[in-house]
file entry.pdb (PDB, C-alpha atoms)
ATOM      1  CA  MET A   1     -23.832  28.534  56.972  1.00  0.00           C
ATOM      2  CA  THR A   2     -24.804  27.751  53.369  1.00  0.00           C
ATOM      3  CA  CYS A   3     -25.301  24.153  52.261  1.00  0.00           C
ATOM      4  CA  PRO A   4     -22.109  23.022  50.473  1.00  0.00           C
ATOM      5  CA  LEU A   5     -24.109  20.902  48.006  1.00  0.00           C
ATOM      6  CA  CYS A   6     -26.641  23.374  46.607  1.00  0.00           C
ATOM      7  CA  GLN A   7     -24.916  26.618  47.655  1.00  0.00           C
ATOM      8  CA  GLN A   8     -28.392  28.091  48.180  1.00  0.00           C
ATOM      9  CA  ARG A   9     -30.157  26.994  51.343  1.00  0.00           C
ATOM     10  CA  LYS A  10     -29.014  27.082  54.948  1.00  0.00           C
ATOM     11  CA  ALA A  11     -27.199  23.995  56.224  1.00  0.00           C
ATOM     12  CA  ARG A  12     -29.026  22.790  59.312  1.00  0.00           C
ATOM     13  CA  ARG A  13     -28.828  19.013  59.161  1.00  0.00           C
ATOM     14  CA  ALA A  14     -25.750  17.051  60.281  1.00  0.00           C
ATOM     15  CA  CYS A  15     -24.560  14.708  57.507  1.00  0.00           C
ATOM     16  CA  PRO A  16     -22.184  11.937  58.694  1.00  0.00           C
ATOM     17  CA  ALA A  17     -21.240  11.098  55.100  1.00  0.00           C
ATOM     18  CA  ARG A  18     -20.131  14.666  54.352  1.00  0.00           C
ATOM     19  CA  GLY A  19     -18.610  15.337  57.743  1.00  0.00           C
ATOM     20  CA  GLY A  20     -20.590  18.546  58.158  1.00  0.00           C
ATOM     21  CA  GLU A  21     -24.010  20.084  57.761  1.00  0.00           C
ATOM     22  CA  ILE A  22     -26.214  20.204  54.662  1.00  0.00           C
ATOM     23  CA  CYS A  23     -29.725  21.478  54.016  1.00  0.00           C
ATOM     24  CA  ALA A  24     -32.783  19.282  54.492  1.00  0.00           C
ATOM     25  CA  VAL A  25     -33.684  19.429  50.780  1.00  0.00           C
ATOM     26  CA  CYS A  26     -30.310  18.080  49.645  1.00  0.00           C
ATOM     27  CA  CYS A  27     -30.464  15.457  52.379  1.00  0.00           C
ATOM     28  CA  ALA A  28     -33.852  14.285  51.109  1.00  0.00           C
ATOM     29  CA  THR A  29     -33.135  14.378  47.371  1.00  0.00           C
ATOM     30  CA  LYS A  30     -29.478  13.322  47.166  1.00  0.00           C
ATOM     31  CA  ARG A  31     -29.215  10.564  49.757  1.00  0.00           C
ATOM     32  CA  LEU A  32     -27.869   7.298  48.307  1.00  0.00           C
ATOM     33  CA  VAL A  33     -27.558   8.977  44.900  1.00  0.00           C
ATOM     34  CA  GLU A  34     -24.927  11.681  45.337  1.00  0.00           C
ATOM     35  CA  ILE A  35     -24.376  11.082  49.050  1.00  0.00           C
ATOM     36  CA  ASP A  36     -22.961   7.752  50.224  1.00  0.00           C
ATOM     37  CA  CYS A  37     -25.044   7.605  53.401  1.00  0.00           C
ATOM     38  CA  PRO A  38     -23.880   5.264  56.186  1.00  0.00           C
ATOM     39  CA  SER A  39     -26.477   2.744  57.325  1.00  0.00           C
ATOM     40  CA  ASP A  40     -26.610   4.258  60.826  1.00  0.00           C
ATOM     41  CA  CYS A  41     -27.625   7.744  59.627  1.00  0.00           C
ATOM     42  CA  VAL A  42     -30.767   8.673  61.567  1.00  0.00           C
ATOM     43  CA  TYR A  43     -32.229  10.634  58.641  1.00  0.00           C
ATOM     44  CA  LEU A  44     -31.724   7.721  56.244  1.00  0.00           C
ATOM     45  CA  ALA A  45     -33.303   5.256  58.681  1.00  0.00           C
ATOM     46  CA  SER A  46     -36.283   7.535  59.241  1.00  0.00           C
ATOM     47  CA  ALA A  47     -36.814   8.119  55.516  1.00  0.00           C
ATOM     48  CA  GLN A  48     -36.630   4.410  54.712  1.00  0.00           C
ATOM     49  CA  LYS A  49     -39.087   3.554  57.465  1.00  0.00           C
ATOM     50  CA  ASN A  50     -41.542   6.367  56.793  1.00  0.00           C
ATOM     51  CA  PRO A  51     -40.977   7.885  53.328  1.00  0.00           C
ATOM     52  CA  ALA A  52     -42.864  11.097  52.636  1.00  0.00           C
ATOM     53  CA  ALA A  53     -45.714  10.843  50.127  1.00  0.00           C
ATOM     54  CA  PRO A  54     -43.842  12.750  47.357  1.00  0.00           C
ATOM     55  CA  VAL A  55     -40.770  10.555  47.900  1.00  0.00           C
ATOM     56  CA  LYS A  56     -42.877   7.402  47.748  1.00  0.00           C
ATOM     57  CA  ARG A  57     -44.538   8.575  44.534  1.00  0.00           C
ATOM     58  CA  GLN A  58     -41.133   9.325  43.029  1.00  0.00           C
ATOM     59  CA  GLN A  59     -39.854   5.886  44.039  1.00  0.00           C
ATOM     60  CA  GLU A  60     -42.833   4.212  42.400  1.00  0.00           C
ATOM     61  CA  ALA A  61     -42.367   6.327  39.258  1.00  0.00           C
ATOM     62  CA  ASP A  62     -38.677   5.388  39.114  1.00  0.00           C
ATOM     63  CA  VAL A  63     -39.468   1.672  39.372  1.00  0.00           C
ATOM     64  CA  ARG A  64     -42.020   1.991  36.549  1.00  0.00           C
ATOM     65  CA  ALA A  65     -39.542   3.960  34.443  1.00  0.00           C
ATOM     66  CA  LEU A  66     -36.772   1.414  34.942  1.00  0.00           C
ATOM     67  CA  ALA A  67     -39.142  -1.454  34.165  1.00  0.00           C
ATOM     68  CA  GLY A  68     -40.179   0.454  31.033  1.00  0.00           C
ATOM     69  CA  THR A  69     -36.578   0.548  29.797  1.00  0.00           C
ATOM     70  CA  LEU A  70     -36.582  -3.253  29.745  1.00  0.00           C
ATOM     71  CA  GLY A  71     -39.398  -3.358  27.205  1.00  0.00           C
ATOM     72  CA  ARG A  72     -41.628  -6.392  26.770  1.00  0.00           C
ATOM     73  CA  LEU A  73     -40.188  -9.352  28.645  1.00  0.00           C
ATOM     74  CA  THR A  74     -41.623 -12.341  30.447  1.00  0.00           C
ATOM     75  CA  GLU A  75     -42.028 -12.275  34.233  1.00  0.00           C
ATOM     76  CA  ARG A  76     -38.983 -14.526  34.571  1.00  0.00           C
ATOM     77  CA  GLN A  77     -36.949 -12.214  32.335  1.00  0.00           C
ATOM     78  CA  TYR A  78     -38.044  -9.132  34.287  1.00  0.00           C
ATOM     79  CA  ARG A  79     -36.744 -10.756  37.453  1.00  0.00           C
ATOM     80  CA  LEU A  80     -33.456 -11.538  35.789  1.00  0.00           C
ATOM     81  CA  GLY A  81     -33.291  -7.996  34.427  1.00  0.00           C
ATOM     82  CA  PHE A  82     -33.781  -6.391  37.827  1.00  0.00           C
ATOM     83  CA  LEU A  83     -31.306  -8.801  39.354  1.00  0.00           C
ATOM     84  CA  LEU A  84     -28.670  -7.783  36.789  1.00  0.00           C
ATOM     85  CA  LEU A  85     -29.483  -4.096  37.229  1.00  0.00           C
ATOM     86  CA  THR A  86     -29.052  -4.501  40.973  1.00  0.00           C
ATOM     87  CA  PHE A  87     -25.592  -5.897  40.275  1.00  0.00           C
ATOM     88  CA  VAL A  88     -24.789  -3.045  37.860  1.00  0.00           C
ATOM     89  CA  GLY A  89     -26.009  -0.477  40.390  1.00  0.00           C
ATOM     90  CA  ARG A  90     -23.609  -1.869  42.992  1.00  0.00           C
ATOM     91  CA  TYR A  91     -20.648  -2.291  40.665  1.00  0.00           C
ATOM     92  CA  THR A  92     -17.633  -0.016  41.105  1.00  0.00           C
ATOM     93  CA  PRO A  93     -14.880  -0.217  38.471  1.00  0.00           C
ATOM     94  CA  PRO A  94     -11.317  -0.628  39.741  1.00  0.00           C
ATOM     95  CA  GLY A  95      -8.877   2.243  40.065  1.00  0.00           C
ATOM     96  CA  LEU A  96      -9.991   5.701  39.042  1.00  0.00           C
ATOM     97  CA  ALA A  97     -12.293   4.535  36.259  1.00  0.00           C
ATOM     98  CA  ARG A  98     -15.810   5.983  36.204  1.00  0.00           C
ATOM     99  CA  LEU A  99     -18.739   3.914  35.006  1.00  0.00           C
ATOM    100  CA  VAL A 100     -21.131   5.696  32.620  1.00  0.00           C
ATOM    101  CA  ASP A 101     -24.212   4.660  30.656  1.00  0.00           C
ATOM    102  CA  ALA A 102     -22.164   3.944  27.520  1.00  0.00           C
ATOM    103  CA  ASP A 103     -20.102   1.382  29.465  1.00  0.00           C
ATOM    104  CA  VAL A 104     -23.250  -0.383  30.639  1.00  0.00           C
ATOM    105  CA  ALA A 105     -24.585  -0.477  27.076  1.00  0.00           C
ATOM    106  CA  ASP A 106     -21.294  -1.805  25.672  1.00  0.00           C
ATOM    107  CA  ALA A 107     -20.934  -4.451  28.385  1.00  0.00           C
ATOM    108  CA  ALA A 108     -24.534  -5.626  27.933  1.00  0.00           C
ATOM    109  CA  ALA A 109     -24.127  -5.700  24.134  1.00  0.00           C
ATOM    110  CA  ALA A 110     -20.965  -7.810  24.301  1.00  0.00           C
ATOM    111  CA  LEU A 111     -22.521 -10.266  26.737  1.00  0.00           C
ATOM    112  CA  ALA A 112     -25.747 -10.436  24.715  1.00  0.00           C
ATOM    113  CA  SER A 113     -23.734 -11.333  21.614  1.00  0.00           C
ATOM    114  CA  THR A 114     -21.887 -14.010  23.575  1.00  0.00           C
ATOM    115  CA  TYR A 115     -25.139 -15.571  24.798  1.00  0.00           C
ATOM    116  CA  GLU A 116     -26.775 -15.297  21.369  1.00  0.00           C
ATOM    117  CA  THR A 117     -23.816 -17.179  19.897  1.00  0.00           C
ATOM    118  CA  ALA A 118     -23.962 -19.782  22.671  1.00  0.00           C
ATOM    119  CA  SER A 119     -27.690 -20.348  22.084  1.00  0.00           C
ATOM    120  CA  ARG A 120     -26.744 -21.421  18.544  1.00  0.00           C
ATOM    121  CA  GLY A 121     -24.238 -23.916  19.896  1.00  0.00           C
ATOM    122  CA  VAL A 122     -21.102 -21.859  19.271  1.00  0.00           C
ATOM    123  CA  ILE A 123     -18.851 -20.755  22.150  1.00  0.00           C
ATOM    124  CA  TYR A 124     -17.296 -17.356  21.436  1.00  0.00           C
ATOM    125  CA  GLU A 125     -16.581 -14.509  23.844  1.00  0.00           C
ATOM    126  CA  HIS A 126     -17.458 -11.141  22.331  1.00  0.00           C
ATOM    127  CA  ALA A 127     -15.354  -8.293  23.718  1.00  0.00           C
ATOM    128  CA  ALA A 128     -16.625  -4.939  24.989  1.00  0.00           C
ATOM    129  CA  ALA A 129     -15.274  -1.770  23.395  1.00  0.00           C
ATOM    130  CA  SER A 130     -13.705  -0.074  26.430  1.00  0.00           C
ATOM    131  CA  THR A 131     -11.636  -1.325  29.358  1.00  0.00           C
ATOM    132  CA  THR A 132     -14.269  -0.184  31.851  1.00  0.00           C
ATOM    133  CA  ALA A 133     -17.052  -1.905  29.913  1.00  0.00           C
ATOM    134  CA  ALA A 134     -14.933  -5.053  29.610  1.00  0.00           C
ATOM    135  CA  GLY A 135     -14.436  -5.115  33.383  1.00  0.00           C
ATOM    136  CA  LEU A 136     -18.185  -4.824  33.992  1.00  0.00           C
ATOM    137  CA  ALA A 137     -18.883  -7.488  31.358  1.00  0.00           C
ATOM    138  CA  ALA A 138     -16.462  -9.916  33.011  1.00  0.00           C
ATOM    139  CA  GLU A 139     -18.057  -9.441  36.437  1.00  0.00           C
ATOM    140  CA  LEU A 140     -21.567  -9.741  35.008  1.00  0.00           C
ATOM    141  CA  LYS A 141     -20.608 -12.904  33.116  1.00  0.00           C
ATOM    142  CA  ALA A 142     -19.322 -14.529  36.315  1.00  0.00           C
ATOM    143  CA  PHE A 143     -22.537 -13.524  38.073  1.00  0.00           C
ATOM    144  CA  LEU A 144     -24.652 -14.964  35.244  1.00  0.00           C
ATOM    145  CA  VAL A 145     -22.730 -18.236  35.361  1.00  0.00           C
ATOM    146  CA  GLU A 146     -23.837 -18.638  38.987  1.00  0.00           C
ATOM    147  CA  ILE A 147     -27.444 -17.747  38.169  1.00  0.00           C
ATOM    148  CA  ALA A 148     -27.487 -20.181  35.236  1.00  0.00           C
ATOM    149  CA  LYS A 149     -26.852 -23.227  37.415  1.00  0.00           C
ATOM    150  CA  GLY A 150     -29.966 -25.345  37.181  1.00  0.00           C
ATOM    151  CA  ALA A 151     -31.784 -22.682  35.122  1.00  0.00           C
ATOM    152  CA  GLY A 152     -32.461 -24.909  32.116  1.00  0.00           C
ATOM    153  CA  ALA A 153     -31.538 -25.020  28.443  1.00  0.00           C
ATOM    154  CA  SER A 154     -33.367 -21.787  27.574  1.00  0.00           C
ATOM    155  CA  PHE A 155     -31.211 -19.632  29.845  1.00  0.00           C
ATOM    156  CA  ASP A 156     -28.751 -18.484  27.149  1.00  0.00           C
ATOM    157  CA  ARG A 157     -31.558 -17.194  24.925  1.00  0.00           C
ATOM    158  CA  GLU A 158     -33.404 -15.505  27.791  1.00  0.00           C
ATOM    159  CA  ALA A 159     -30.226 -13.926  29.150  1.00  0.00           C
ATOM    160  CA  ALA A 160     -29.429 -12.548  25.701  1.00  0.00           C
ATOM    161  CA  GLU A 161     -32.875 -10.927  25.447  1.00  0.00           C
ATOM    162  CA  VAL A 162     -32.551  -9.363  28.899  1.00  0.00           C
ATOM    163  CA  LEU A 163     -29.060  -8.060  28.148  1.00  0.00           C
ATOM    164  CA  ARG A 164     -30.272  -6.532  24.881  1.00  0.00           C
ATOM    165  CA  ALA A 165     -33.049  -4.805  26.824  1.00  0.00           C
ATOM    166  CA  ILE A 166     -30.499  -3.370  29.268  1.00  0.00           C
ATOM    167  CA  GLU A 167     -28.296  -2.283  26.354  1.00  0.00           C
ATOM    168  CA  HIS A 168     -31.197  -0.471  24.676  1.00  0.00           C
ATOM    169  CA  GLY A 169     -32.271   1.139  27.937  1.00  0.00           C
ATOM    170  CA  ALA A 170     -28.772   2.471  28.626  1.00  0.00           C
ATOM    171  CA  ARG A 171     -28.383   3.790  25.065  1.00  0.00           C
ATOM    172  CA  ALA A 172     -31.825   5.419  25.033  1.00  0.00           C
ATOM    173  CA  ALA A 173     -31.368   7.278  28.344  1.00  0.00           C
ATOM    174  CA  SER A 174     -31.681  11.037  28.066  1.00  0.00           C
ATOM    175  CA  PRO A 175     -28.123  12.367  27.701  1.00  0.00           C
ATOM    176  CA  ASP A 176     -26.858  14.672  30.424  1.00  0.00           C
ATOM    177  CA  ALA A 177     -23.566  16.226  31.453  1.00  0.00           C
ATOM    178  CA  THR A 178     -22.622  13.270  33.616  1.00  0.00           C
ATOM    179  CA  GLY A 179     -23.393  10.546  31.079  1.00  0.00           C
ATOM    180  CA  ARG A 180     -25.091   8.627  33.905  1.00  0.00           C
ATOM    181  CA  ALA A 181     -28.821   9.311  33.471  1.00  0.00           C
ATOM    182  CA  TYR A 182     -29.582   5.575  33.233  1.00  0.00           C
ATOM    183  CA  LEU A 183     -27.230   4.655  36.075  1.00  0.00           C
ATOM    184  CA  ASP A 184     -28.737   7.383  38.264  1.00  0.00           C
ATOM    185  CA  LEU A 185     -32.189   5.899  37.637  1.00  0.00           C
ATOM    186  CA  VAL A 186     -30.842   2.458  38.555  1.00  0.00           C
ATOM    187  CA  ALA A 187     -29.246   3.907  41.709  1.00  0.00           C
ATOM    188  CA  ARG A 188     -32.582   5.365  42.836  1.00  0.00           C
ATOM    189  CA  VAL A 189     -34.296   1.986  42.468  1.00  0.00           C
ATOM    190  CA  VAL A 190     -31.881  -0.771  43.469  1.00  0.00           C
ATOM    191  CA  PRO A 191     -30.577  -1.286  47.012  1.00  0.00           C
ATOM    192  CA  LYS A 192     -27.169   0.107  47.854  1.00  0.00           C
ATOM    193  CA  GLY A 193     -24.260  -2.205  48.647  1.00  0.00           C
ATOM    194  CA  SER A 194     -21.279  -4.074  47.295  1.00  0.00           C
ATOM    195  CA  PRO A 195     -21.594  -5.870  43.936  1.00  0.00           C
ATOM    196  CA  GLY A 196     -22.574  -9.455  44.489  1.00  0.00           C
ATOM    197  CA  GLY A 197     -22.439  -8.906  48.240  1.00  0.00           C
ATOM    198  CA  ALA A 198     -25.031  -9.329  50.927  1.00  0.00           C
ATOM    199  CA  SER A 199     -28.308  -7.548  50.455  1.00  0.00           C
ATOM    200  CA  PRO A 200     -29.963  -5.517  53.229  1.00  0.00           C
ATOM    201  CA  SER A 201     -32.256  -8.480  53.885  1.00  0.00           C
ATOM    202  CA  GLY A 202     -29.297 -10.668  54.775  1.00  0.00           C
ATOM    203  CA  ASP A 203     -29.545 -12.766  51.610  1.00  0.00           C
ATOM    204  CA  ASP A 204     -26.280 -13.563  49.851  1.00  0.00           C
ATOM    205  CA  ARG A 205     -27.531 -12.242  46.518  1.00  0.00           C
ATOM    206  CA  PRO A 206     -28.692  -8.755  45.499  1.00  0.00           C
ATOM    207  CA  THR A 207     -32.321  -8.002  46.233  1.00  0.00           C
ATOM    208  CA  ILE A 208     -34.726  -8.201  43.285  1.00  0.00           C
ATOM    209  CA  ILE A 209     -37.051  -5.215  43.085  1.00  0.00           C
ATOM    210  CA  MET A 210     -40.121  -5.732  40.946  1.00  0.00           C
ATOM    211  CA  PRO A 211     -42.535  -3.043  39.750  1.00  0.00           C
TER     212      PRO A 211
END
call {"tool": "encode", "arguments": {"input": "entry.pdb", "output": "structure tokens"}}
result
Amino acid sequence: MTCPLCQQRKARRACPARGGEICAVCCATKRLVEIDCPSDCVYLASAQKNPAAPVKRQQEADVRALAGTLGRLTERQYRLGFLLLTFVGRYTPPGLARLVDADVADAAAALASTYETASRGVIYEHAAASTTAAGLAAELKAFLVEIAKGAGASFDREAAEVLRAIEHGARAASPDATGRAYLDLVARVVPKGSPGGASPSGDDRPTIIMP
């Protein structure tokens, strides 16, 4: 039987997410990116516990690449950036909408403008261009409101800088047929789960991954 994902190699590995067999290569390269692996998958558990050397090198390269898209930020801003990217990586738009890099850029741009305005003492909500981007922006804003509690007077300015970095990273991503090159990079780095939900560590906020 041929692997239904690549249509090239023999399918020899049972995939609970696909309800059938796939090849070992697709299992290794597409798990948690194109395949929504359940947490009890034996191959997923084994890979997370003992990643192969090439996989580990790729993971490290992805973290460096994602950190590079944020540009030159302070340590505190990097942590906020990865926290927001974790949220974006877990976000699923309602209905049949599909989130793409352009939506992330538009949502980040609108929120950055809102925080830049607030840092000057003016309260004004800037709107994202598309409905999907507006939905992401609204969820991110609510998340940022929670983070901002007790963060100090400089939070609006720092949040704006981080959001601009995310906007630029999403816009600068190499275009591909899916329009999700940046989101795919985020998906390979951040932990999988529900937006704003419990992280794998049991914490009630998404896990921060630092390079």
call {"tool": "closest_residue", "arguments": {"input": "entry.pdb", "among": "A:Asp156, A:Asp62, A:Ala14, A:Val186", "to": "Tyr91 of chain A", "atoms": "only C-alpha atoms"}}
result
A:Val186
call {"tool": "atom_distance", "arguments": {"input": "entry.pdb", "atom1": "atom CA of Cys41 of chain A", "atom2": "atom CA of Leu85 of chain A"}}
result
25.4 Å
call {"tool": "atom_distance", "arguments": {"input": "entry.pdb", "atom1": "atom CA of Thr92 of chain A", "atom2": "atom CA of Glu139 of chain A"}}
result
10.5 Å
call {"tool": "residues_near_point", "arguments": {"input": "entry.pdb", "point": "(-21.1, -18.3, 32.6)", "cutoff": "12 Å", "atoms": "only C-alpha atoms", "output": "list in words"}}
result
Leu111, Thr114, Tyr115, Ala118, Ile123, Tyr124, Glu125, Ala137, Ala138, Glu139, Leu140, Lys141, Ala142, Phe143, Leu144, Val145, Glu146, Ile147, Ala148, Lys149, Ala151, Phe155, Asp156 and Ala159 of chain A
call {"tool": "write_last_selection", "arguments": {"input": "entry.pdb", "atoms": "C-alpha atoms", "output": "mmCIF file, in the coordinates of the input"}}
result
data_model
loop_
_atom_site.group_PDB
_atom_site.id
_atom_site.type_symbol
_atom_site.label_atom_id
_atom_site.label_comp_id
_atom_site.auth_asym_id
_atom_site.auth_seq_id
_atom_site.Cartn_x
_atom_site.Cartn_y
_atom_site.Cartn_z
ATOM 1 C CA LEU A 111 -22.521 -10.266 26.737
ATOM 2 C CA THR A 114 -21.887 -14.010 23.575
ATOM 3 C CA TYR A 115 -25.139 -15.571 24.798
ATOM 4 C CA ALA A 118 -23.962 -19.782 22.671
ATOM 5 C CA ILE A 123 -18.851 -20.755 22.150
ATOM 6 C CA TYR A 124 -17.296 -17.356 21.436
ATOM 7 C CA GLU A 125 -16.581 -14.509 23.844
ATOM 8 C CA ALA A 137 -18.883 -7.488 31.358
ATOM 9 C CA ALA A 138 -16.462 -9.916 33.011
ATOM 10 C CA GLU A 139 -18.057 -9.441 36.437
ATOM 11 C CA LEU A 140 -21.567 -9.741 35.008
ATOM 12 C CA LYS A 141 -20.608 -12.904 33.116
ATOM 13 C CA ALA A 142 -19.322 -14.529 36.315
ATOM 14 C CA PHE A 143 -22.537 -13.524 38.073
ATOM 15 C CA LEU A 144 -24.652 -14.964 35.244
ATOM 16 C CA VAL A 145 -22.730 -18.236 35.361
ATOM 17 C CA GLU A 146 -23.837 -18.638 38.987
ATOM 18 C CA ILE A 147 -27.444 -17.747 38.169
ATOM 19 C CA ALA A 148 -27.487 -20.181 35.236
ATOM 20 C CA LYS A 149 -26.852 -23.227 37.415
ATOM 21 C CA ALA A 151 -31.784 -22.682 35.122
ATOM 22 C CA PHE A 155 -31.211 -19.632 29.845
ATOM 23 C CA ASP A 156 -28.751 -18.484 27.149
ATOM 24 C CA ALA A 159 -30.226 -13.926 29.150
#
call {"tool": "resolve_selection", "arguments": {"input": "entry.pdb", "expression": "the PyMOL selection byres ((chain A and resi 95-105) around 9)", "output": "PyMOL selection string"}}
result
chain A and resi 88+91-94+106-110+128-134+136-137+163-164+166-171+173+178-183
call {"tool": "closest_residue", "arguments": {"input": "entry.pdb", "among": "A:Arg18, A:His126, A:Arg157, A:Arg72", "to": "Glu34 of chain A", "atoms": "only C-alpha atoms"}}
result
A:Arg18
call {"tool": "residues_near_point", "arguments": {"input": "entry.pdb", "point": "(-25.3, 26.9, 51.6)", "cutoff": "12 Å", "atoms": "only C-alpha atoms", "output": "ChimeraX atom specification"}}
result
/A:1-13,20-26
call {"tool": "atom_distance", "arguments": {"input": "entry.pdb", "atom1": "atom CA of Val33 of chain A", "atom2": "atom CA of Val189 of chain A"}}
result
10.0 Å
call {"tool": "closest_residue", "arguments": {"input": "entry.pdb", "among": "A:Ala177, A:Val190, A:Ala172, A:Ala153", "to": "Gly68 of chain A", "atoms": "all atoms listed in the file"}}
result
A:Ala172
call {"tool": "resolve_selection", "arguments": {"input": "entry.pdb", "expression": "the PyMOL selection byres ((chain A and resi 17) around 7)", "output": "number ranges by chain"}}
result
A: 15-16, 18-19, 35-38
call {"tool": "axis_aligned_box", "arguments": {"input": "entry.pdb", "around": "segment 81-90 of chain A", "padding_each_side": "4 Å", "output": "JSON"}}
result
{"center_x": -28.7, "center_y": -4.6, "center_z": 38.7, "size_x": 18.2, "size_y": 16.3, "size_z": 16.6}
call {"tool": "closest_residue", "arguments": {"input": "entry.pdb", "among": "A:Lys30, A:Arg120, A:Arg64, A:Arg188", "to": "Arg90 of chain A", "atoms": "only C-alpha atoms"}}
result
A:Arg188
call {"tool": "closest_residue", "arguments": {"input": "entry.pdb", "among": "A:Ala160, A:Ala67, A:Thr86, A:Gly150", "to": "Ser113 of chain A", "atoms": "all atoms listed in the file"}}
result
A:Ala160
call {"tool": "closest_residue", "arguments": {"input": "entry.pdb", "among": "A:Leu185, A:Ala165, A:Thr117, A:Leu83", "to": "Thr69 of chain A", "atoms": "all atoms listed in the file"}}
result
A:Ala165
call {"tool": "decode", "arguments": {"input": "entry.pdb", "residues": "segment 109-122 of chain A", "atoms": "N, CA and C atoms", "output": "tab-separated table (two decimals), in the first residue's frame"}}
result
chain	number	residue	atom	x	y	z
A	109	ALA	N	-0.26	44.36	12.82
A	109	ALA	CA	-0.14	45.78	12.44
A	109	ALA	C	-1.22	46.61	13.11
A	110	ALA	N	-2.45	46.12	13.10
A	110	ALA	CA	-3.56	46.86	13.72
A	110	ALA	C	-3.34	47.01	15.22
A	111	LEU	N	-2.92	45.92	15.87
A	111	LEU	CA	-2.69	45.98	17.31
A	111	LEU	C	-1.49	46.88	17.63
A	112	ALA	N	-0.44	46.81	16.81
A	112	ALA	CA	0.72	47.67	17.03
A	112	ALA	C	0.32	49.13	16.96
A	113	SER	N	-0.51	49.49	15.98
A	113	SER	CA	-0.98	50.86	15.86
A	113	SER	C	-1.79	51.28	17.08
A	114	THR	N	-2.61	50.36	17.57
A	114	THR	CA	-3.41	50.65	18.76
A	114	THR	C	-2.52	50.92	19.97
A	115	TYR	N	-1.49	50.09	20.15
A	115	TYR	CA	-0.59	50.28	21.30
A	115	TYR	C	0.31	51.49	21.12
A	116	GLU	N	0.70	51.79	19.89
A	116	GLU	CA	1.50	53.00	19.65
A	116	GLU	C	0.68	54.25	19.99
A	117	THR	N	-0.59	54.24	19.62
A	117	THR	CA	-1.48	55.35	19.95
A	117	THR	C	-1.66	55.47	21.46
A	118	ALA	N	-1.85	54.32	22.11
A	118	ALA	CA	-2.05	54.33	23.57
A	118	ALA	C	-0.82	54.83	24.29
A	119	SER	N	0.38	54.52	23.78
A	119	SER	CA	1.61	54.97	24.44
A	119	SER	C	1.75	56.48	24.39
A	120	ARG	N	1.00	57.13	23.48
A	120	ARG	CA	0.99	58.59	23.39
A	120	ARG	C	-0.18	59.20	24.15
A	121	GLY	N	-0.90	58.35	24.88
A	121	GLY	CA	-1.99	58.83	25.71
A	121	GLY	C	-3.32	58.95	25.02
A	122	VAL	N	-3.45	58.35	23.83
A	122	VAL	CA	-4.70	58.42	23.08
A	122	VAL	C	-5.25	57.00	22.92
